[in-house]
Amino acid sequence: MHRVGVLALDGVVPFELGIPARIFHAARDGDGHPLYSVTTCSLDGGPVRAEADYDLAVSHDASLLATVDTVVVPPSHRLGPIREEGRLPEPLREALAAVRPGTRIVAICTGTYVLAAAGLLDGRPATTHWREADRLQRMFTTARIDPDVLYVDDGDVLTSAGVAAGVDLCLHIVRRDHGSHVANEVARSCVVPPWREGGQAQYIRRPVPEPATGSTAATRAWAARRLSEPLAVAGLAAHANMSVRTFSRRFRDEVGTTPGQWLTRQRVDLARHFLETTDWPVDLVARRSGLGTGASLRQRLHAAIGVSPQTYRRTFRSGAGG
């Protein structure tokens, strides 16, 4: 049982506060047993004033953080000296200092300020809500803040953008811990997309197509059912009844990436599923997922998650039965 501790600070945003419990509680093994326990704490164990018009009662103080395997810091709208001066209040500094070495630390949205002020992002990549990214970078110059991504996984320190990106990050953690089968079941239970790759754009400058224009959604669904087949941008554009130029522009506006990048991510994701759930040779996995050859699969998988197909299969095969 992996223990998760969620630290609620005054001004906490209720939606993001609830994400870890909702996602991690839904993760089960093949026998239906929970894979995570999630406990929420405040600094002193007392009620926390939410960003909304109510208080939240919790049952634990921050000493909990010294006993868990993963610490999650949701965003707060009352960060005070943390956001203004880059300084942690003494009780918060002491609570974070008591976290055991090797504990995984996760921040959602402006929770990244807390990690930065604690010195946990020195020399490391991270992200936060795009509206806060410039300010965060100016305050903490040794951190490497990327304002354009949904989340950043830097091993034992993970950060996300705002709101739904916290869902993406928690699903990513489940996927990293237990493989895509378990993560997909969690997503299905929570009725959310099973996977948005962390490098996807945080926001889209023109999120809603003009009424006179079409969408690429139907073509994306059509392509997702044919990943093993050759799929060129020209063919996708033809399916959408658009010119290649119009299709490519609209695709990026809607998805935040190019058609080619999106196809590669979908195919790598499918290959990971096959590696977890079948005994197929690597070359067959590559062909069935549309990546062509085993060499191409090895290259793409290593670029995506830094491991070989064989290593991935050994690591996550037990998750396929969960």
# chains A, B, ... in the order shown; residues from 1 in each chain; ligands from 1
>>> closest_atom_pairs(of="segment 62-106 of chain A", to="segment 166-187 of chain A", cutoff="12 Å", atoms="only C-alpha atoms", output="tab-separated table")
residue	atom	partner	partner_atom	distance
A:Thr70	CA	A:Ile173	CA	10.3
A:Val71	CA	A:Cys170	CA	11.9
A:Val72	CA	A:Cys170	CA	9.8
A:Val73	CA	A:Gly166	CA	10.7
A:Pro74	CA	A:Gly166	CA	8.7
A:Pro75	CA	A:Gly166	CA	10.0
A:Arg104	CA	A:Ile173	CA	10.3
A:Ile105	CA	A:Ile173	CA	11.3
A:Val106	CA	A:Leu169	CA	8.9
>>> select_by_dssp(residues="segment 6-225 of chain A", states="strand (DSSP E or B)", output="mmCIF file with N, CA and C atoms, in the first residue's frame")
data_model
loop_
_atom_site.group_PDB
_atom_site.id
_atom_site.type_symbol
_atom_site.label_atom_id
_atom_site.label_comp_id
_atom_site.auth_asym_id
_atom_site.auth_seq_id
_atom_site.Cartn_x
_atom_site.Cartn_y
_atom_site.Cartn_z
ATOM 1 N N VAL A 6 -1.600 14.486 1.583
ATOM 2 C CA VAL A 6 -1.962 15.712 0.875
ATOM 3 C C VAL A 6 -1.989 16.853 1.885
ATOM 4 N N LEU A 7 -1.198 17.896 1.634
ATOM 5 C CA LEU A 7 -1.083 19.018 2.556
ATOM 6 C C LEU A 7 -2.013 20.146 2.122
ATOM 7 N N VAL A 12 -6.638 26.854 0.185
ATOM 8 C CA VAL A 12 -6.532 25.739 -0.756
ATOM 9 C C VAL A 12 -7.710 25.753 -1.724
ATOM 10 N N ARG A 28 -6.796 0.099 -8.319
ATOM 11 C CA ARG A 28 -6.959 -1.206 -7.672
ATOM 12 C C ARG A 28 -6.115 -2.262 -8.370
ATOM 13 N N PRO A 34 -7.098 -1.889 -2.932
ATOM 14 C CA PRO A 34 -6.550 -0.552 -3.213
ATOM 15 C C PRO A 34 -5.036 -0.562 -3.251
ATOM 16 N N TYR A 36 -3.298 2.462 -3.175
ATOM 17 C CA TYR A 36 -2.840 3.660 -2.469
ATOM 18 C C TYR A 36 -3.775 3.948 -1.291
ATOM 19 N N SER A 37 -3.214 4.520 -0.253
ATOM 20 C CA SER A 37 -4.027 5.179 0.774
ATOM 21 C C SER A 37 -3.741 6.672 0.675
ATOM 22 N N VAL A 38 -4.763 7.486 0.865
ATOM 23 C CA VAL A 38 -4.620 8.939 0.746
ATOM 24 C C VAL A 38 -5.157 9.582 2.012
ATOM 25 N N THR A 39 -4.325 10.416 2.629
ATOM 26 C CA THR A 39 -4.711 11.104 3.859
ATOM 27 C C THR A 39 -4.404 12.587 3.709
ATOM 28 N N THR A 40 -5.342 13.424 4.139
ATOM 29 C CA THR A 40 -5.178 14.864 4.039
ATOM 30 C C THR A 40 -4.818 15.431 5.408
ATOM 31 N N CYS A 41 -3.918 16.406 5.415
ATOM 32 C CA CYS A 41 -3.515 17.042 6.665
ATOM 33 C C CYS A 41 -3.447 18.556 6.479
ATOM 34 N N VAL A 48 -9.091 24.180 7.744
ATOM 35 C CA VAL A 48 -8.404 24.980 6.731
ATOM 36 C C VAL A 48 -9.454 25.819 6.008
ATOM 37 N N ARG A 49 -9.164 27.100 5.829
ATOM 38 C CA ARG A 49 -10.059 27.961 5.060
ATOM 39 C C ARG A 49 -9.812 27.708 3.585
ATOM 40 N N ALA A 50 -10.861 27.288 2.873
ATOM 41 C CA ALA A 50 -10.727 27.016 1.451
ATOM 42 C C ALA A 50 -10.802 28.306 0.657
ATOM 43 N N ASP A 55 -14.983 26.273 5.208
ATOM 44 C CA ASP A 55 -13.797 25.697 5.829
ATOM 45 C C ASP A 55 -13.792 24.189 5.624
ATOM 46 N N LEU A 56 -12.602 23.611 5.707
ATOM 47 C CA LEU A 56 -12.452 22.163 5.557
ATOM 48 C C LEU A 56 -11.872 21.590 6.839
ATOM 49 N N THR A 70 4.485 9.519 -0.695
ATOM 50 C CA THR A 70 4.315 10.624 -1.640
ATOM 51 C C THR A 70 3.627 11.777 -0.920
ATOM 52 N N VAL A 71 4.170 12.973 -1.085
ATOM 53 C CA VAL A 71 3.568 14.188 -0.544
ATOM 54 C C VAL A 71 3.015 14.995 -1.707
ATOM 55 N N VAL A 72 1.755 15.436 -1.605
ATOM 56 C CA VAL A 72 1.137 16.264 -2.634
ATOM 57 C C VAL A 72 0.787 17.625 -2.035
ATOM 58 N N VAL A 73 1.184 18.691 -2.737
ATOM 59 C CA VAL A 73 0.863 20.054 -2.313
ATOM 60 C C VAL A 73 -0.066 20.675 -3.351
ATOM 61 N N SER A 76 -2.923 26.971 -3.503
ATOM 62 C CA SER A 76 -3.607 27.828 -2.544
ATOM 63 C C SER A 76 -3.638 29.240 -3.097
ATOM 64 N N ARG A 104 8.548 10.915 -2.629
ATOM 65 C CA ARG A 104 8.150 11.599 -3.859
ATOM 66 C C ARG A 104 7.352 12.851 -3.490
ATOM 67 N N ILE A 105 7.705 13.979 -4.115
ATOM 68 C CA ILE A 105 7.064 15.253 -3.831
ATOM 69 C C ILE A 105 6.336 15.725 -5.085
ATOM 70 N N VAL A 106 5.056 16.054 -4.936
ATOM 71 C CA VAL A 106 4.210 16.436 -6.064
ATOM 72 C C VAL A 106 3.568 17.784 -5.752
ATOM 73 N N ALA A 107 3.592 18.696 -6.717
ATOM 74 C CA ALA A 107 2.903 19.980 -6.571
ATOM 75 C C ALA A 107 1.938 20.154 -7.731
ATOM 76 N N ILE A 108 0.740 20.629 -7.419
ATOM 77 C CA ILE A 108 -0.254 20.927 -8.436
ATOM 78 C C ILE A 108 -0.415 22.434 -8.527
ATOM 79 N N PRO A 125 13.786 20.984 -13.631
ATOM 80 C CA PRO A 125 12.658 21.432 -14.453
ATOM 81 C C PRO A 125 11.359 21.333 -13.670
ATOM 82 N N ALA A 126 10.427 22.235 -13.971
ATOM 83 C CA ALA A 126 9.135 22.237 -13.291
ATOM 84 C C ALA A 126 8.161 23.061 -14.114
ATOM 85 N N ARG A 144 14.018 25.674 -13.476
ATOM 86 C CA ARG A 144 13.812 25.741 -14.922
ATOM 87 C C ARG A 144 12.318 25.563 -15.188
ATOM 88 N N ILE A 145 11.613 26.673 -15.243
ATOM 89 C CA ILE A 145 10.157 26.641 -15.341
ATOM 90 C C ILE A 145 9.735 26.610 -16.804
ATOM 91 N N VAL A 149 3.781 23.283 -20.691
ATOM 92 C CA VAL A 149 3.484 21.857 -20.602
ATOM 93 C C VAL A 149 2.458 21.587 -19.518
ATOM 94 N N TYR A 151 2.520 18.877 -17.353
ATOM 95 C CA TYR A 151 3.205 18.461 -16.136
ATOM 96 C C TYR A 151 4.644 18.098 -16.457
ATOM 97 N N VAL A 152 5.459 18.053 -15.407
ATOM 98 C CA VAL A 152 6.874 17.691 -15.524
ATOM 99 C C VAL A 152 7.168 16.594 -14.512
ATOM 100 N N ASP A 153 7.732 15.505 -14.976
ATOM 101 C CA ASP A 153 8.156 14.397 -14.129
ATOM 102 C C ASP A 153 9.676 14.424 -14.072
ATOM 103 N N VAL A 157 10.493 14.486 -7.954
ATOM 104 C CA VAL A 157 9.787 15.760 -7.864
ATOM 105 C C VAL A 157 8.949 15.935 -9.127
ATOM 106 N N LEU A 158 7.646 16.091 -8.960
ATOM 107 C CA LEU A 158 6.736 16.229 -10.101
ATOM 108 C C LEU A 158 5.859 17.452 -9.884
ATOM 109 N N THR A 159 5.613 18.198 -10.959
ATOM 110 C CA THR A 159 4.812 19.411 -10.876
ATOM 111 C C THR A 159 3.835 19.445 -12.040
ATOM 112 N N SER A 160 2.711 20.158 -11.841
ATOM 113 C CA SER A 160 1.728 20.240 -12.916
ATOM 114 C C SER A 160 1.220 21.654 -13.062
ATOM 115 N N ALA A 201 0.570 21.055 -24.861
ATOM 116 C CA ALA A 201 0.443 22.464 -24.502
ATOM 117 C C ALA A 201 -0.556 22.642 -23.367
#
>>> closest_residue(among="A:Gly5, A:Gly119, A:Gly235, A:Pro259", to="Thr142 of chain A", atoms="only C-alpha atoms")
A:Gly119
>>> residues_around(residues="Leu92 of chain A", least_positions_apart="2", cutoff="12 Å", atoms="only C-alpha atoms", output="list in words")
Leu7, Ala8, Leu9, Asp10, Ser42, Leu43, Asp44, Asp61, Ala62, Ser63, Leu65, Val73, Leu79, Pro81, Ile82, Arg87, Leu88, Pro89, Glu90, Glu94, Ala95, Leu96, Ala97, Ala98, Val99, Val114, Leu115, Ala117 and Ala118 of chain A
>>> write_last_selection(atoms="C-alpha atoms", output="mmCIF file, in the first residue's frame")
data_model
loop_
_atom_site.group_PDB
_atom_site.id
_atom_site.type_symbol
_atom_site.label_atom_id
_atom_site.label_comp_id
_atom_site.auth_asym_id
_atom_site.auth_seq_id
_atom_site.Cartn_x
_atom_site.Cartn_y
_atom_site.Cartn_z
ATOM 1 C CA LEU A 7 -1.083 19.018 2.556
ATOM 2 C CA ALA A 8 -3.976 21.507 2.649
ATOM 3 C CA LEU A 9 -2.827 25.082 3.217
ATOM 4 C CA ASP A 10 -5.105 28.010 4.006
ATOM 5 C CA SER A 42 -3.135 20.691 7.584
ATOM 6 C CA LEU A 43 -0.126 22.270 9.256
ATOM 7 C CA ASP A 44 -1.667 22.167 12.743
ATOM 8 C CA ASP A 61 -1.406 17.597 11.285
ATOM 9 C CA ALA A 62 1.711 17.942 9.149
ATOM 10 C CA SER A 63 3.623 15.306 11.097
ATOM 11 C CA LEU A 65 4.201 14.043 5.951
ATOM 12 C CA VAL A 73 0.863 20.054 -2.313
ATOM 13 C CA LEU A 79 0.407 31.773 -0.274
ATOM 14 C CA PRO A 81 5.103 35.370 1.882
ATOM 15 C CA ILE A 82 5.733 32.300 -0.272
ATOM 16 C CA ARG A 87 9.917 32.592 1.914
ATOM 17 C CA LEU A 88 8.323 29.663 3.722
ATOM 18 C CA PRO A 89 6.579 30.325 7.037
ATOM 19 C CA GLU A 90 8.401 28.483 9.799
ATOM 20 C CA GLU A 94 9.633 22.529 9.480
ATOM 21 C CA ALA A 95 6.950 20.249 8.043
ATOM 22 C CA LEU A 96 8.742 19.904 4.715
ATOM 23 C CA ALA A 97 12.125 19.464 6.384
ATOM 24 C CA ALA A 98 10.723 16.432 8.210
ATOM 25 C CA VAL A 99 9.808 14.648 4.955
ATOM 26 C CA VAL A 114 6.002 25.867 -2.065
ATOM 27 C CA LEU A 115 8.479 23.423 -3.577
ATOM 28 C CA ALA A 117 10.673 28.160 -1.767
ATOM 29 C CA ALA A 118 11.779 24.957 -0.032
#
>>> closest_residue(among="A:Leu231, A:Val4, A:Met139, A:Ala221", to="His25 of chain A", atoms="only C-alpha atoms")
A:Val4
>>> atom_distance(atom1="atom CA of Leu227 of chain A", atom2="atom CA of Thr264 of chain A")
9.3 Å
>>> select_by_dssp(residues="segment 198-308 of chain A", states="helix (DSSP H, G or I)", output="PyMOL selection string")
chain A and resi 217-224+233-239+244-255+259-277+282-288+294-305
>>> write_last_selection(atoms="C-alpha atoms", output="mmCIF file, in the first residue's frame")
data_model
loop_
_atom_site.group_PDB
_atom_site.id
_atom_site.type_symbol
_atom_site.label_atom_id
_atom_site.label_comp_id
_atom_site.auth_asym_id
_atom_site.auth_seq_id
_atom_site.Cartn_x
_atom_site.Cartn_y
_atom_site.Cartn_z
ATOM 1 C CA ALA A 217 -12.059 15.466 -33.619
ATOM 2 C CA ALA A 218 -13.751 12.987 -35.942
ATOM 3 C CA THR A 219 -10.544 12.489 -37.898
ATOM 4 C CA ARG A 220 -8.584 11.942 -34.692
ATOM 5 C CA ALA A 221 -11.061 9.259 -33.647
ATOM 6 C CA TRP A 222 -10.857 7.704 -37.120
ATOM 7 C CA ALA A 223 -7.039 7.701 -37.010
ATOM 8 C CA ALA A 224 -6.941 6.263 -33.482
ATOM 9 C CA VAL A 233 -1.069 14.169 -42.865
ATOM 10 C CA ALA A 234 -2.450 14.440 -46.398
ATOM 11 C CA GLY A 235 -4.706 11.452 -45.760
ATOM 12 C CA LEU A 236 -5.889 12.861 -42.459
ATOM 13 C CA ALA A 237 -6.637 16.189 -44.112
ATOM 14 C CA ALA A 238 -8.566 14.461 -46.880
ATOM 15 C CA HIS A 239 -10.648 12.575 -44.315
ATOM 16 C CA VAL A 244 -3.249 20.049 -45.516
ATOM 17 C CA ARG A 245 -2.441 23.586 -44.410
ATOM 18 C CA THR A 246 -5.873 24.217 -42.882
ATOM 19 C CA PHE A 247 -5.971 20.792 -41.229
ATOM 20 C CA SER A 248 -2.502 21.175 -39.706
ATOM 21 C CA ARG A 249 -3.321 24.634 -38.352
ATOM 22 C CA ARG A 250 -6.669 23.587 -36.918
ATOM 23 C CA PHE A 251 -5.199 20.384 -35.472
ATOM 24 C CA ARG A 252 -2.578 22.374 -33.572
ATOM 25 C CA ASP A 253 -5.216 24.855 -32.393
ATOM 26 C CA GLU A 254 -7.376 22.045 -31.011
ATOM 27 C CA VAL A 255 -4.771 19.605 -29.693
ATOM 28 C CA PRO A 259 -0.574 15.688 -36.343
ATOM 29 C CA GLY A 260 2.704 13.795 -36.632
ATOM 30 C CA GLN A 261 3.588 14.295 -32.971
ATOM 31 C CA TRP A 262 0.094 13.279 -31.924
ATOM 32 C CA LEU A 263 0.234 10.093 -34.018
ATOM 33 C CA THR A 264 3.590 9.135 -32.539
ATOM 34 C CA ARG A 265 2.294 9.573 -28.998
ATOM 35 C CA GLN A 266 -0.813 7.525 -29.741
ATOM 36 C CA ARG A 267 1.292 4.739 -31.237
ATOM 37 C CA VAL A 268 3.748 4.682 -28.353
ATOM 38 C CA ASP A 269 0.819 4.536 -25.943
ATOM 39 C CA LEU A 270 -0.662 1.602 -27.878
ATOM 40 C CA ALA A 271 2.708 -0.151 -27.911
ATOM 41 C CA ARG A 272 2.950 0.236 -24.145
ATOM 42 C CA HIS A 273 -0.465 -1.377 -23.805
ATOM 43 C CA PHE A 274 0.631 -4.315 -25.969
ATOM 44 C CA LEU A 275 3.863 -4.722 -23.997
ATOM 45 C CA GLU A 276 1.871 -4.931 -20.785
ATOM 46 C CA THR A 277 -0.925 -7.201 -21.956
ATOM 47 C CA VAL A 282 8.891 -6.562 -29.925
ATOM 48 C CA ASP A 283 8.787 -6.545 -33.735
ATOM 49 C CA LEU A 284 5.119 -7.600 -33.707
ATOM 50 C CA VAL A 285 4.274 -4.977 -31.082
ATOM 51 C CA ALA A 286 5.933 -2.388 -33.312
ATOM 52 C CA ARG A 287 3.942 -3.457 -36.384
ATOM 53 C CA ARG A 288 0.606 -3.659 -34.564
ATOM 54 C CA GLY A 294 11.457 -3.088 -33.368
ATOM 55 C CA ALA A 295 14.281 -0.598 -33.753
ATOM 56 C CA SER A 296 11.803 2.214 -34.275
ATOM 57 C CA LEU A 297 9.808 1.116 -31.229
ATOM 58 C CA ARG A 298 12.954 1.042 -29.097
ATOM 59 C CA GLN A 299 13.883 4.531 -30.241
ATOM 60 C CA ARG A 300 10.408 5.994 -29.705
ATOM 61 C CA LEU A 301 9.867 4.338 -26.320
ATOM 62 C CA HIS A 302 13.271 5.413 -25.056
ATOM 63 C CA ALA A 303 12.587 8.978 -26.183
ATOM 64 C CA ALA A 304 9.206 8.945 -24.422
ATOM 65 C CA ILE A 305 10.054 7.319 -21.084
#
>>> atom_distance(atom1="atom CA of Pro14 of chain A", atom2="atom CA of Tyr54 of chain A")
9.8 Å
>>> closest_residue(among="A:Ala232, A:Cys190, A:Gly290, A:Arg226", to="Arg22 of chain A", atoms="only C-alpha atoms")
A:Cys190
>>> closest_residue(among="A:Thr257, A:Thr216, A:Thr127, A:Thr315", to="Asn241 of chain A", atoms="only C-alpha atoms")
A:Thr216
>>> atom_distance(atom1="atom CA of Thr103 of chain A", atom2="atom CA of Val68 of chain A")
7.4 Å
>>> decode(residues="segment 263-289 of chain A", atoms="C-alpha atoms", output="short mmCIF file (atom, residue, chain, number, x, y, z; two decimals), in the first residue's frame")
data_model
loop_
_atom_site.label_atom_id
_atom_site.label_comp_id
_atom_site.auth_asym_id
_atom_site.auth_seq_id
_atom_site.Cartn_x
_atom_site.Cartn_y
_atom_site.Cartn_z
CA LEU A 263 0.23 10.09 -34.02
CA THR A 264 3.59 9.14 -32.54
CA ARG A 265 2.29 9.57 -29.00
CA GLN A 266 -0.81 7.52 -29.74
CA ARG A 267 1.29 4.74 -31.24
CA VAL A 268 3.75 4.68 -28.35
CA ASP A 269 0.82 4.54 -25.94
CA LEU A 270 -0.66 1.60 -27.88
CA ALA A 271 2.71 -0.15 -27.91
CA ARG A 272 2.95 0.24 -24.15
CA HIS A 273 -0.47 -1.38 -23.80
CA PHE A 274 0.63 -4.32 -25.97
CA LEU A 275 3.86 -4.72 -24.00
CA GLU A 276 1.87 -4.93 -20.78
CA THR A 277 -0.92 -7.20 -21.96
CA THR A 278 0.59 -9.58 -24.54
CA ASP A 279 3.59 -11.85 -25.04
CA TRP A 280 4.12 -10.60 -28.58
CA PRO A 281 7.71 -10.15 -29.77
CA VAL A 282 8.89 -6.56 -29.93
CA ASP A 283 8.79 -6.54 -33.74
CA LEU A 284 5.12 -7.60 -33.71
CA VAL A 285 4.27 -4.98 -31.08
CA ALA A 286 5.93 -2.39 -33.31
CA ARG A 287 3.94 -3.46 -36.38
CA ARG A 288 0.61 -3.66 -34.56
CA SER A 289 1.09 -0.21 -33.03
#
